[in-house]
Every structure is written in structure tokens, then in C-alpha cells.
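Colleague: Structure: data.cif, mmCIF, C-alpha atoms and all ligand atoms.
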```cif
data_my_file
loop_
_atom_site.label_atom_id
_atom_site.label_comp_id
_atom_site.auth_asym_id
_atom_site.auth_seq_id
_atom_site.Cartn_x
_atom_site.Cartn_y
_atom_site.Cartn_z
CA MET M 1 125.16 157.73 71.72
CA ALA M 2 121.76 158.88 72.92
CA ILE M 3 119.49 156.72 75.06
CA ILE M 4 116.64 155.41 72.91
CA GLY M 5 113.54 154.64 74.96
CA THR M 6 110.00 155.48 75.96
CA ASP M 7 110.53 157.12 79.36
CA ILE M 8 108.37 160.24 79.13
CA VAL M 9 109.19 161.35 82.67
CA CYS M 10 112.91 161.30 81.89
CA VAL M 11 112.33 163.29 78.68
CA LYS M 12 110.18 165.80 80.57
CA THR M 13 112.98 166.32 83.12
CA LEU M 14 115.58 166.81 80.38
CA LEU M 15 113.38 169.36 78.58
CA GLU M 16 112.74 171.26 81.83
CA LYS M 17 116.52 171.50 82.28
CA GLY M 18 116.84 173.09 78.83
CA GLU M 19 118.08 170.02 76.97
CA VAL M 20 117.05 169.10 73.43
CA VAL M 21 115.78 165.59 72.61
CA GLY M 22 114.47 163.54 69.69
CA ILE M 23 110.68 163.10 69.62
CA PRO M 24 108.45 161.01 67.36
CA THR M 25 105.67 162.54 65.32
CA GLU M 26 103.41 161.06 62.66
CA THR M 27 105.25 163.05 59.95
CA VAL M 28 108.97 162.80 60.79
CA TYR M 29 111.00 162.81 64.03
CA GLY M 30 111.62 166.22 65.60
CA LEU M 31 114.53 167.73 67.52
CA ALA M 32 112.66 169.33 70.41
CA GLY M 33 113.36 171.99 73.03
CA ASN M 34 111.39 174.40 75.25
CA ALA M 35 109.97 177.01 72.84
CA PHE M 36 109.90 179.59 75.67
CA ASP M 37 113.62 179.13 76.51
CA ASP M 38 116.06 180.94 74.18
CA ASP M 39 119.02 178.83 75.28
CA ALA M 40 117.17 175.61 74.42
CA VAL M 41 116.14 177.09 71.06
CA LEU M 42 119.75 178.10 70.30
CA LYS M 43 120.83 174.55 71.15
CA ILE M 44 118.41 173.19 68.54
CA PHE M 45 119.99 175.33 65.81
CA LYS M 46 123.45 174.28 66.94
CA VAL M 47 122.79 170.53 67.10
CA LYS M 48 121.14 170.58 63.68
CA ASN M 49 123.73 172.91 62.19
CA ARG M 50 120.83 174.97 60.94
CA PRO M 51 121.14 178.63 59.91
CA GLN M 52 119.25 180.92 62.28
CA PHE M 53 117.29 182.52 59.44
CA ASP M 54 115.25 179.31 59.06
CA PRO M 55 112.45 179.44 61.67
CA LEU M 56 111.11 176.57 63.80
CA ILE M 57 107.66 174.99 64.20
CA VAL M 58 106.10 175.17 67.68
CA HIS M 59 104.31 172.00 68.81
CA THR M 60 101.50 171.80 71.36
CA ASP M 61 98.88 169.23 72.37
CA SER M 62 95.78 171.38 72.72
CA ILE M 63 94.07 174.31 71.00
CA THR M 64 93.32 175.72 74.46
CA LYS M 65 97.05 176.37 75.02
CA ILE M 66 97.51 178.31 71.77
CA PRO M 67 96.29 181.76 72.96
CA SER M 68 99.40 181.99 75.18
CA PHE M 69 101.62 182.25 72.12
CA VAL M 70 99.31 183.20 69.22
CA SER M 71 97.60 186.61 69.21
CA TYR M 72 95.01 186.01 66.48
CA PHE M 73 93.47 182.79 65.16
CA PRO M 74 91.48 183.60 61.97
CA ALA M 75 88.23 181.71 61.22
CA LYS M 76 89.71 179.79 58.27
CA ALA M 77 92.67 178.70 60.39
CA GLN M 78 90.29 177.48 63.09
CA GLN M 79 88.31 175.48 60.53
CA LEU M 80 91.51 173.81 59.31
CA ALA M 81 92.65 173.15 62.88
CA GLN M 82 89.30 171.55 63.74
CA ARG M 83 89.47 169.32 60.69
CA PHE M 84 93.15 168.28 60.64
CA TRP M 85 94.59 168.52 64.20
CA PRO M 86 96.15 166.50 65.60
CA GLY M 87 97.78 165.84 62.24
CA PRO M 88 100.24 166.82 59.48
CA LEU M 89 99.23 170.49 59.16
CA THR M 90 101.18 173.56 60.32
CA LEU M 91 99.47 176.96 60.54
CA LEU M 92 101.30 180.31 60.33
CA LEU M 93 99.68 182.62 62.89
CA PRO M 94 100.60 186.01 64.46
CA LYS M 95 102.77 185.42 67.54
CA THR M 96 102.67 186.92 71.04
CA ASP M 97 105.78 188.05 72.95
CA ALA M 98 105.99 184.60 74.60
CA ILE M 99 107.67 183.43 71.38
CA SER M 100 111.05 185.03 70.84
CA ASP M 101 112.46 186.20 67.52
CA LEU M 102 114.87 183.26 67.65
CA VAL M 103 112.02 180.80 67.09
CA THR M 104 110.50 182.74 64.17
CA SER M 105 113.78 184.16 62.79
CA GLY M 106 112.38 187.62 63.38
CA LEU M 107 109.07 187.03 61.58
CA SER M 108 105.84 188.21 63.22
CA SER M 109 104.09 184.87 62.59
CA VAL M 110 104.80 181.62 64.36
CA ALA M 111 104.36 178.18 62.79
CA VAL M 112 102.12 176.01 65.01
CA ARG M 113 101.10 172.39 64.90
CA ILE M 114 99.46 169.69 67.03
CA PRO M 115 101.21 166.46 66.00
CA ASN M 116 99.36 163.15 65.98
CA HIS M 117 101.51 160.77 67.98
CA PRO M 118 100.34 159.29 71.31
CA LEU M 119 103.75 159.45 73.08
CA THR M 120 104.46 163.01 72.01
CA LEU M 121 100.93 164.17 72.83
CA GLU M 122 101.34 162.66 76.31
CA LEU M 123 104.70 164.41 76.70
CA LEU M 124 103.30 167.77 75.52
CA ALA M 125 100.31 167.44 77.87
CA SER M 126 102.72 167.02 80.80
CA LEU M 127 104.77 170.13 79.97
CA PRO M 128 104.10 173.75 80.98
CA PHE M 129 105.58 174.98 77.67
CA PRO M 130 105.25 174.12 73.95
CA LEU M 131 108.11 172.46 72.04
CA ALA M 132 110.02 174.09 69.21
CA ALA M 133 111.10 171.31 66.87
CA PRO M 134 112.55 171.12 63.38
CA SER M 135 112.97 167.75 61.71
CA ALA M 136 115.75 165.84 63.53
CA ASN M 137 118.22 165.62 60.65
CA PRO M 138 121.41 167.57 59.97
CA PHE M 139 120.44 170.60 57.85
CA GLY M 140 119.93 169.58 54.22
CA TYR M 141 119.86 165.78 54.67
CA ILE M 142 116.89 163.41 54.44
CA SER M 143 114.39 163.75 57.32
CA PRO M 144 114.30 160.89 59.89
CA THR M 145 111.27 158.60 60.14
CA SER M 146 112.61 156.34 62.93
CA ALA M 147 114.50 156.73 66.22
CA LEU M 148 117.45 154.91 64.65
CA HIS M 149 117.68 157.47 61.83
CA VAL M 150 117.92 160.21 64.46
CA ASP M 151 120.51 158.28 66.47
CA LYS M 152 122.74 157.68 63.43
CA GLN M 153 123.09 161.38 62.70
CA LEU M 154 122.48 163.31 65.91
CA GLY M 155 122.82 160.63 68.61
CA LYS M 156 126.21 161.90 69.78
CA LYS M 157 124.84 165.39 70.36
CA ILE M 158 121.63 164.71 72.31
CA PRO M 159 120.90 162.79 75.53
CA TYR M 160 117.64 161.01 74.63
CA ILE M 161 115.48 159.93 71.69
CA LEU M 162 111.86 159.09 72.49
CA ASP M 163 111.10 155.99 70.43
CA GLY M 164 107.65 156.05 68.89
CA GLY M 165 108.27 153.57 66.08
CA ALA M 166 108.18 154.38 62.37
CA SER M 167 106.46 157.67 61.45
CA GLN M 168 103.07 156.80 59.98
CA ILE M 169 102.74 159.69 57.50
CA GLY M 170 106.43 159.84 56.55
CA ILE M 171 106.69 163.33 55.04
CA GLU M 172 106.61 166.69 56.83
CA SER M 173 103.47 168.67 57.58
CA THR M 174 101.79 170.91 55.03
CA ILE M 175 102.45 174.57 55.95
CA VAL M 176 99.50 176.95 55.48
CA GLY M 177 99.31 180.72 56.02
CA PHE M 178 96.80 183.48 55.32
CA GLU M 179 97.02 186.81 53.46
CA GLY M 180 93.70 188.62 53.88
CA GLU M 181 91.10 186.27 52.45
CA THR M 182 93.66 184.11 50.62
CA THR M 183 94.84 180.78 51.99
CA ILE M 184 98.43 180.03 50.97
CA VAL M 185 100.27 176.71 51.02
CA TYR M 186 103.96 177.42 51.71
CA ARG M 187 105.12 173.82 51.85
CA LEU M 188 103.40 170.77 50.39
CA GLY M 189 103.22 167.95 52.91
CA GLY M 190 101.25 165.23 54.65
CA THR M 191 97.85 166.94 54.29
CA ALA M 192 96.87 166.99 50.60
CA VAL M 193 95.97 170.34 48.98
CA GLU M 194 92.71 168.77 47.81
CA ALA M 195 91.74 168.00 51.42
CA ILE M 196 92.52 171.58 52.51
CA GLU M 197 90.45 173.00 49.63
CA GLU M 198 87.48 170.92 50.73
CA VAL M 199 87.48 172.93 53.98
CA VAL M 200 88.45 176.48 52.92
CA GLY M 201 87.95 176.58 49.15
CA PRO M 202 90.69 177.29 46.56
CA VAL M 203 94.21 177.91 47.89
CA GLU M 204 97.33 179.40 46.37
CA VAL M 205 100.33 177.04 46.34
CA LEU M 206 103.59 178.94 46.82
CA ALA M 207 105.74 175.90 47.47
CA HIS M 208 108.76 176.49 45.22
CA SER M 209 109.44 173.30 43.43
CA THR M 210 105.87 172.79 42.23
CA SER M 211 105.16 176.38 41.27
CA ASN M 212 108.30 176.40 39.15
CA PRO M 213 109.19 172.84 38.15
CA GLN M 214 110.78 174.12 34.92
CA ALA M 215 113.65 175.75 36.78
CA PRO M 216 115.21 173.12 39.02
CA GLY M 217 118.32 175.30 39.40
CA MET M 218 116.15 177.70 41.40
CA LEU M 219 115.23 175.08 43.94
CA LYS M 220 116.86 174.93 47.29
CA SER M 221 118.74 171.69 47.74
CA HIS M 222 117.09 169.83 50.59
CA TYR M 223 116.09 166.37 51.75
CA SER M 224 119.13 165.24 49.81
CA PRO M 225 120.94 161.93 49.79
CA ARG M 226 124.72 162.11 49.44
CA LYS M 227 124.58 160.26 46.12
CA PRO M 228 123.46 162.18 43.03
CA LEU M 229 119.76 161.61 42.40
CA PHE M 230 118.33 162.00 38.91
CA ILE M 231 114.69 162.30 37.99
CA GLU M 232 113.23 160.58 34.90
CA HIS M 233 115.33 160.09 31.69
CA PHE M 234 116.32 156.60 32.77
CA ASP M 235 117.70 155.92 29.27
CA LYS M 236 120.34 158.64 29.69
CA ILE M 237 121.43 157.35 33.09
CA SER M 238 121.63 153.75 31.93
CA ALA M 239 123.75 154.84 28.96
CA GLN M 240 126.21 156.50 31.32
CA TYR M 241 126.42 154.04 34.24
CA PRO M 242 126.67 150.23 34.46
CA PRO M 243 123.39 148.66 35.67
CA GLU M 244 124.80 147.48 39.03
CA SER M 245 125.86 151.03 39.93
CA ILE M 246 122.34 152.47 39.61
CA GLY M 247 119.78 152.49 42.42
CA ALA M 248 116.11 153.11 41.60
CA LEU M 249 113.19 154.63 43.50
CA THR M 250 109.92 153.99 41.70
CA PHE M 251 106.21 154.28 42.42
CA GLN M 252 104.68 150.87 41.56
CA THR M 253 106.95 148.72 39.40
CA PHE M 254 110.62 147.78 38.99
CA VAL M 255 112.75 149.31 36.26
CA SER M 256 114.03 146.63 33.89
CA ASN M 257 117.77 146.01 33.42
CA ILE M 258 119.05 146.95 36.86
CA PRO M 259 119.33 144.48 39.78
CA THR M 260 116.14 144.37 41.87
CA GLU M 261 118.14 144.50 45.12
CA ASN M 262 119.14 148.03 44.09
CA GLN M 263 115.51 149.05 43.68
CA ARG M 264 112.79 150.29 46.04
CA ILE M 265 109.11 150.44 45.09
CA LEU M 266 107.12 153.03 47.07
CA SER M 267 103.74 151.31 46.75
CA VAL M 268 102.97 148.34 44.52
CA SER M 269 99.24 149.08 44.77
CA GLY M 270 99.73 152.77 43.91
CA ASP M 271 98.66 154.03 47.34
CA TYR M 272 99.92 157.60 47.94
CA SER M 273 99.90 157.31 51.74
CA GLU M 274 101.94 154.12 51.65
CA ALA M 275 104.35 155.78 49.20
CA ALA M 276 104.79 158.80 51.52
CA LYS M 277 105.40 156.56 54.49
CA HIS M 278 108.23 154.74 52.68
CA LEU M 279 109.80 157.70 50.85
CA PHE M 280 112.54 158.89 53.22
CA ALA M 281 113.45 155.44 54.58
CA TYR M 282 113.90 154.16 51.02
CA MET M 283 115.97 157.20 50.02
CA ARG M 284 118.27 156.45 52.95
CA GLN M 285 118.50 152.77 52.02
CA LEU M 286 119.42 153.63 48.43
CA ASP M 287 121.95 156.18 49.67
CA ASN M 288 123.62 153.44 51.73
CA LEU M 289 123.75 150.84 48.95
CA PRO M 290 126.96 150.34 46.93
CA VAL M 291 125.54 152.29 43.97
CA GLU M 292 126.88 155.46 42.38
CA VAL M 293 123.67 157.19 41.38
CA ILE M 294 119.98 157.04 42.22
CA TYR M 295 117.28 157.20 39.59
CA ALA M 296 113.88 158.40 40.84
CA GLU M 297 110.52 158.32 39.16
CA LEU M 298 107.91 161.05 39.79
CA LEU M 299 104.36 160.19 40.85
CA PRO M 300 101.14 161.59 39.35
CA GLU M 301 100.77 165.24 40.49
CA LYS M 302 97.77 164.74 42.74
CA ASN M 303 96.94 163.95 46.34
CA LEU M 304 100.16 163.24 48.35
CA GLY M 305 101.91 162.65 45.00
CA ARG M 306 102.47 166.43 44.86
CA ALA M 307 104.32 166.54 48.18
CA ILE M 308 106.27 163.37 47.38
CA ASN M 309 107.36 164.86 44.03
CA ASP M 310 108.35 168.07 45.80
CA ARG M 311 110.72 166.08 48.07
CA ILE M 312 112.10 164.05 45.14
CA ARG M 313 112.75 167.22 43.12
CA ARG M 314 114.55 168.86 46.02
CA ALA M 315 116.59 165.72 46.58
CA SER M 316 117.72 165.93 42.96
CA VAL M 317 119.14 169.43 43.30
CA ARG M 318 122.92 169.58 43.58
CA GLU M 319 124.59 172.68 44.92
O1 LIG U 401 106.10 167.70 60.04
C1 LIG U 401 106.78 168.66 60.38
O2 LIG U 401 106.46 169.83 60.11
C2 LIG U 401 108.07 168.35 61.15
C3 LIG U 401 107.71 167.73 62.49
C4 LIG U 401 108.90 167.51 63.37
O3 LIG U 401 106.74 168.52 63.12
N1 LIG U 401 108.84 169.54 61.32
C5 LIG U 401 109.52 170.12 60.29
O4 LIG U 401 110.28 171.20 60.70
O5 LIG U 401 109.47 169.73 59.16
P1 LIG U 401 111.43 171.85 59.78
O6 LIG U 401 112.07 172.84 60.67
O7 LIG U 401 112.26 170.82 59.20
O8 LIG U 401 110.63 172.62 58.69
C6 LIG U 401 109.86 173.73 59.09
C7 LIG U 401 109.61 174.66 57.95
C8 LIG U 401 110.87 175.38 57.51
O9 LIG U 401 110.95 175.31 56.12
C9 LIG U 401 110.63 176.81 57.97
O10 LIG U 401 111.19 177.72 57.08
C10 LIG U 401 109.12 176.90 58.01
O11 LIG U 401 108.70 175.64 58.42
N2 LIG U 401 108.68 177.85 59.04
C11 LIG U 401 108.81 177.73 60.36
N3 LIG U 401 108.36 178.83 61.00
C12 LIG U 401 107.93 179.67 60.05
C13 LIG U 401 107.37 180.97 60.06
N4 LIG U 401 107.16 181.63 61.20
N5 LIG U 401 107.04 181.55 58.89
C14 LIG U 401 107.26 180.87 57.72
N6 LIG U 401 107.81 179.64 57.63
C15 LIG U 401 108.14 179.05 58.78
MG MG U 402 113.38 169.80 57.91
#
```
Kindly return the structure encoded in the file as C-alpha cells.
Modeller:
Amino acid sequence: MAIIGTDIVCVKTLLEKGEVVGIPTETVYGLAGNAFDDDAVLKIFKVKNRPQFDPLIVHTDSITKIPSFVSYFPAKAQQLAQRFWPGPLTLLLPKTDAISDLVTSGLSSVAVRIPNHPLTLELLASLPFPLAAPSANPFGYISPTSALHVDKQLGKKIPYILDGGASQIGIESTIVGFEGETTIVYRLGGTAVEAIEEVVGPVEVLAHSTSNPQAPGMLKSHYSPRKPLFIEHFDKISAQYPPESIGALTFQTFVSNIPTENQRILSVSGDYSEAAKHLFAYMRQLDNLPVEVIYAELLPEKNLGRAINDRIRRASVRE
């Protein structure tokens, strides 16, 4: 098992030797390695069992370090960076040669973000290189929001997990790119679309599961529990399964007829941020209960409700 602790100097030494480690961020925990070292980057893909065509986000602590790996930082991107960094926003920007094709899977843009977590910012400030880091879960499973989640699934494969407590945002960063004058959201996440539009005006949302909710078969299965997860139509599920074999994930209130110990409420007061913070931990808890299926309710399609629904929809896709 990995060491779980808060020794930044030890983590720095491991990273300088080309190791990969678990790091906390405000969104989810990352599996981090030196973004300038191809061997470390390859190790990330291997530990996560991630296909190499799925590129990685590069994390840094300061905008002043970005020109070493980004060749052009458009005005709109700078406005978003000023407003939301450090925070749950990732920007797609043209890369320099310092970033290898392994990190970007051959794409000419690199995904960049300044995460908002004191331990990780301190670590990044002490390093002479940025950190490439995907979420620290095996490919396809629910993202980790605590050091223990990382340890359960990847602990045997990595030497250290930096423990920064529970992730405060709880869902991954919003990914934003630019095509000419158009701002495009490629993944819904911890920064709401409404907040982005306040800074740069209307955006195009290309994130799959919201642009095409009518065709769930088209969605890529992701963020998935092992148990089948069904959205809505509770009546159909309760006709098929006995009440004690159903788990439920709801927004504000319990579902009647199934035991309350099999239920998780995301936010009794209807707070989207609180719901996001609980989402993945509750999905894991339901997955580990002695139930056969999970019923999940969707939230209103606004604010972080959009990103939460995106994750719930993807979790419902079976391959
Ligand atoms: O909040 C987050 O973004 C977390 C924390 C650890 O920072 N990271 C995260 O990484 O969610 P990951 O690898 O699980 O998801 C990154 C997503 C992938 O869907 C990938 O396809 C996309 O970002 N991505 C990365 N680089 C890209 C690029 N150059 N162009 C387009 N998409 C990219
Ligand atoms: Mg991920």
C-alpha cells in the first residue's frame, strides 16, 4: 500500500526521480508525474490503465510559468484564467515543444489548469516542472475525492498519496477551448457555464451527454459504479427489484418505499455545490452497499446541476 501523508519534500523527491504519486486538488485527486518527463507520463497511463489516446491535463501553480509550455494565450483565455484560477477550470491552449505528444495524445493543444489546493500549490511552487495528472481512478471508474479512495484502487501501484482531505468541489474541472472567436465547453465541470458566460459572453457546449441527452447509447461509459445505475423511472425499477435491493441517489429528499440506509441525499437544502461535493463519495458508498441496482435522480439543468447530471448520465451507461 502507498504511504498516505503530508510530506511535501518526500513527494517532491519522488517526482524528481520520475515516480507518480497521488495529489489532492479541489476537484478530485490526481495521479501526478513530471509533465516534461516522457517516462513519468507513460507510467501515469500504465498505473491508470488508460488508453494513450486520452490526453492529460498539465497542472501548474502560476500564470508566469505557463509561457514555457504554452505558445499562445488568447485574450478570452486570459480573462477566464484571471477570474477562475486557481480553481476548477481547464483551458485548452496551443502547446510548445516542452510538452511531448504523449501528454496531448498528439494534439497541438495542451490542457492547462491551476488547481486550488494549498498543499498541491505548495508542491507545484517547489518543482521546476509542471505536473501531468489525470483523475486518480482506474480508467472508467468513479473519480476519487479522498486519499483513501485513491489508496483503495491504486495504492499498490504508487509509492505516496499526498493527503489533502476531502476534495471541496467534488467534480472535475470544466474544460474550455477556443475556435476563432467562439468559446467552447468540452466538459462540464466545477465551474458553471453561467459563470463562464458572465466573463466571455455566450459559449458553445460540446460536452456529449448534455448536447445529446436523447441518445444515451452514444455516451461514453465513464465515472461508472460496478452496479447498474438507472436514471428516473423509479416505478419501473421498483416493479422489477425488491425494495431492499435498490440503492437511491437523490437531490433533496428520500424516495419512499426503500430503506433509508440504502439512500443518499446530495443536498437537503438544494445547494448545487454541496451536491457536487458529495456526488462521487455517495456513488461509491452506494456501489459498496449490499444492493443490486442504483436508482439516481437528475437535478435541475442549471448551475452545477448540469455537470452533476452529466456525471450521473455517464454513470448510467453500460457497455
Ligand atoms: O479536475 C480535473 O480536471 C482533474 C484534476 C486532477 O485536475 N483532472 C481530470 O483529468 O479530470 P482526467 O484525465 O480524468 O480528464 C481530463 C480530460 C480528458 O477527458 C481528456 O480527454 C481531456 O481532459 N483533455 C486533456 N488534454 C486535452 C487536450 N489537449 N485536448 C482536448 N482534451 C483534452
Ligand atoms: Mg478522469
Colleague: Can you pull out every residue within 10 Å of region 186-190 of chain M, counting only C-alpha atoms, but drop anything in the same chain fewer than 2 positions away, and send it as a PyMOL selection string?
Modeller: chain M and resi 26-27+87-92+169-177+183-184+192-193+204-210+273+276-277+303-311
Colleague: From the list M:Val21, M:Ile57, M:Leu14, M:Val70, which residue is nearest ligand LIG 401 (chain U) when using all atoms listed in the file?
Modeller: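 Going through M:Val21, M:Ile57, M:Leu14, M:Val70 one by one, the smallest distance to ligand LIG 401 (chain U) is for M:Ile57.
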Colleague: Nearest to Leu121 (chain M) among M:Ile196, M:Met1, M:Ile66, M:Ile8, with distances taken over all atoms listed in the file: which residue is it?
Modeller: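 Ranking M:Ile196, M:Met1, M:Ile66, M:Ile8 by distance to Leu121 (chain M), first place goes to M:Ile8.
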Colleague: Mind giving me the straight-line distance from CA of Gly140 (chain M) to atom MG of ligand MG 402 (chain U) in Å, one decimal?
Modeller: 7.5 Å
Colleague: Which residues are close to region 159-168 of chain M, i.e. within 9 Å by only C-alpha atoms, leaving aside same-chain residues fewer than 4 positions away? Reply as a count of residues only.
Modeller: 39
Colleague: With distances taken over all atoms listed in the file, which residue among M:Leu56, M:Leu93, M:Ile246, M:Ile312 lies nearest ligand MG 402 (chain U)?
Modeller: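 That would be M:Leu56, the residue with the smallest distance to ligand MG 402 (chain U).
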Colleague: Figure out the distance between CA of Leu154 (chain M) and CA of Ser245 (chain M), please, to one decimal in Å.
Modeller: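 We find that CA of Ser245 (chain M) and CA of Leu154 (chain M) lie 28.9 Å from each other.
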Colleague: Centre and edge lengths of an axis-aligned box around all listed atoms of region 26-42 of chain M, with 3 Å added on each side, are to be given in Å to one decimal, as JSON.
Modeller:
```
{"center_x": 111.6, "center_y": 171.0, "center_z": 68.2, "size_x": 22.3, "size_y": 25.9, "size_z": 22.6}
```
Colleague: Given all atoms listed in the file as the basis, pick out the residue of M:Val199, M:Leu229, M:Ala275, M:Val9 nearest to Glu122 (chain M).
Modeller: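 The shortest atom-to-atom distance to Glu122 (chain M) comes from M:Val9.
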Colleague: Quick one, how far is CA of Leu279 (chain M) from CA of Ile44 (chain M)?
Modeller: 25.0 Å
Colleague: If you count all atoms listed in the file, which residues fall within 10 Å of His233 (chain M), apart from same-chain ones fewer than 5 positions away, as a VMD selection string?
Modeller: chain M and resid 238 295 to 297
Colleague: Restricted to C-alpha atoms, what would the selected residues look like written as a JSON list (two decimals), keeping the file's coordinate frame?
Modeller:
```json
[["chain", "number", "residue", "atom", "x", "y", "z"],
["M", 238, "SER", "CA", 121.63, 153.75, 31.93],
["M", 295, "TYR", "CA", 117.28, 157.20, 39.59],
["M", 296, "ALA", "CA", 113.88, 158.40, 40.84],
["M", 297, "GLU", "CA", 110.52, 158.32, 39.16]]
```
Colleague: Could you rebuild region 82-100 of chain M with N, CA and C atoms and give it back as an mmCIF file, in the coordinates of the input?
Modeller:
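Resulting contents of out39.cif:
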```cif
data_model
loop_
_atom_site.group_PDB
_atom_site.id
_atom_site.type_symbol
_atom_site.label_atom_id
_atom_site.label_comp_id
_atom_site.auth_asym_id
_atom_site.auth_seq_id
_atom_site.Cartn_x
_atom_site.Cartn_y
_atom_site.Cartn_z
ATOM 1 N N GLN M 82 90.358 172.489 63.311
ATOM 2 C CA GLN M 82 89.300 171.550 63.740
ATOM 3 C C GLN M 82 89.319 170.277 62.906
ATOM 4 N N ARG M 83 89.544 170.461 61.610
ATOM 5 C CA ARG M 83 89.470 169.320 60.690
ATOM 6 C C ARG M 83 90.732 168.437 60.750
ATOM 7 N N PHE M 84 91.916 169.059 60.864
ATOM 8 C CA PHE M 84 93.150 168.280 60.640
ATOM 9 C C PHE M 84 94.028 168.065 61.877
ATOM 10 N N TRP M 85 93.759 168.733 62.999
ATOM 11 C CA TRP M 85 94.590 168.520 64.200
ATOM 12 C C TRP M 85 93.953 167.519 65.144
ATOM 13 N N PRO M 86 94.708 166.677 65.801
ATOM 14 C CA PRO M 86 96.150 166.500 65.600
ATOM 15 C C PRO M 86 96.419 165.879 64.236
ATOM 16 N N GLY M 87 97.471 166.383 63.558
ATOM 17 C CA GLY M 87 97.780 165.840 62.240
ATOM 18 C C GLY M 87 98.801 166.669 61.495
ATOM 19 N N PRO M 88 99.109 166.250 60.244
ATOM 20 C CA PRO M 88 100.240 166.820 59.480
ATOM 21 C C PRO M 88 99.945 168.173 58.839
ATOM 22 N N LEU M 89 99.516 169.138 59.645
ATOM 23 C CA LEU M 89 99.230 170.490 59.160
ATOM 24 C C LEU M 89 99.867 171.495 60.097
ATOM 25 N N THR M 90 100.589 172.470 59.536
ATOM 26 C CA THR M 90 101.180 173.560 60.320
ATOM 27 C C THR M 90 100.533 174.858 59.887
ATOM 28 N N LEU M 91 100.105 175.676 60.855
ATOM 29 C CA LEU M 91 99.470 176.960 60.540
ATOM 30 C C LEU M 91 100.397 178.106 60.924
ATOM 31 N N LEU M 92 100.515 179.103 60.033
ATOM 32 C CA LEU M 92 101.300 180.310 60.330
ATOM 33 C C LEU M 92 100.353 181.352 60.909
ATOM 34 N N LEU M 93 100.591 181.719 62.178
ATOM 35 C CA LEU M 93 99.680 182.620 62.890
ATOM 36 C C LEU M 93 100.479 183.712 63.597
ATOM 37 N N PRO M 94 99.872 184.929 63.787
ATOM 38 C CA PRO M 94 100.600 186.010 64.460
ATOM 39 C C PRO M 94 101.010 185.604 65.877
ATOM 40 N N LYS M 95 102.257 185.885 66.242
ATOM 41 C CA LYS M 95 102.770 185.420 67.540
ATOM 42 C C LYS M 95 102.568 186.454 68.644
ATOM 43 N N THR M 96 102.606 186.001 69.891
ATOM 44 C CA THR M 96 102.670 186.920 71.040
ATOM 45 C C THR M 96 104.150 187.032 71.460
ATOM 46 N N ASP M 97 104.405 187.862 72.476
ATOM 47 C CA ASP M 97 105.780 188.050 72.950
ATOM 48 C C ASP M 97 106.348 186.811 73.634
ATOM 49 N N ALA M 98 105.496 185.835 73.954
ATOM 50 C CA ALA M 98 105.990 184.600 74.600
ATOM 51 C C ALA M 98 106.936 183.843 73.674
ATOM 52 N N ILE M 99 106.795 184.071 72.365
ATOM 53 C CA ILE M 99 107.670 183.430 71.380
ATOM 54 C C ILE M 99 108.733 184.421 70.958
ATOM 55 N N SER M 100 109.990 184.066 71.160
ATOM 56 C CA SER M 100 111.050 185.030 70.840
ATOM 57 C C SER M 100 111.361 185.020 69.348
#
```
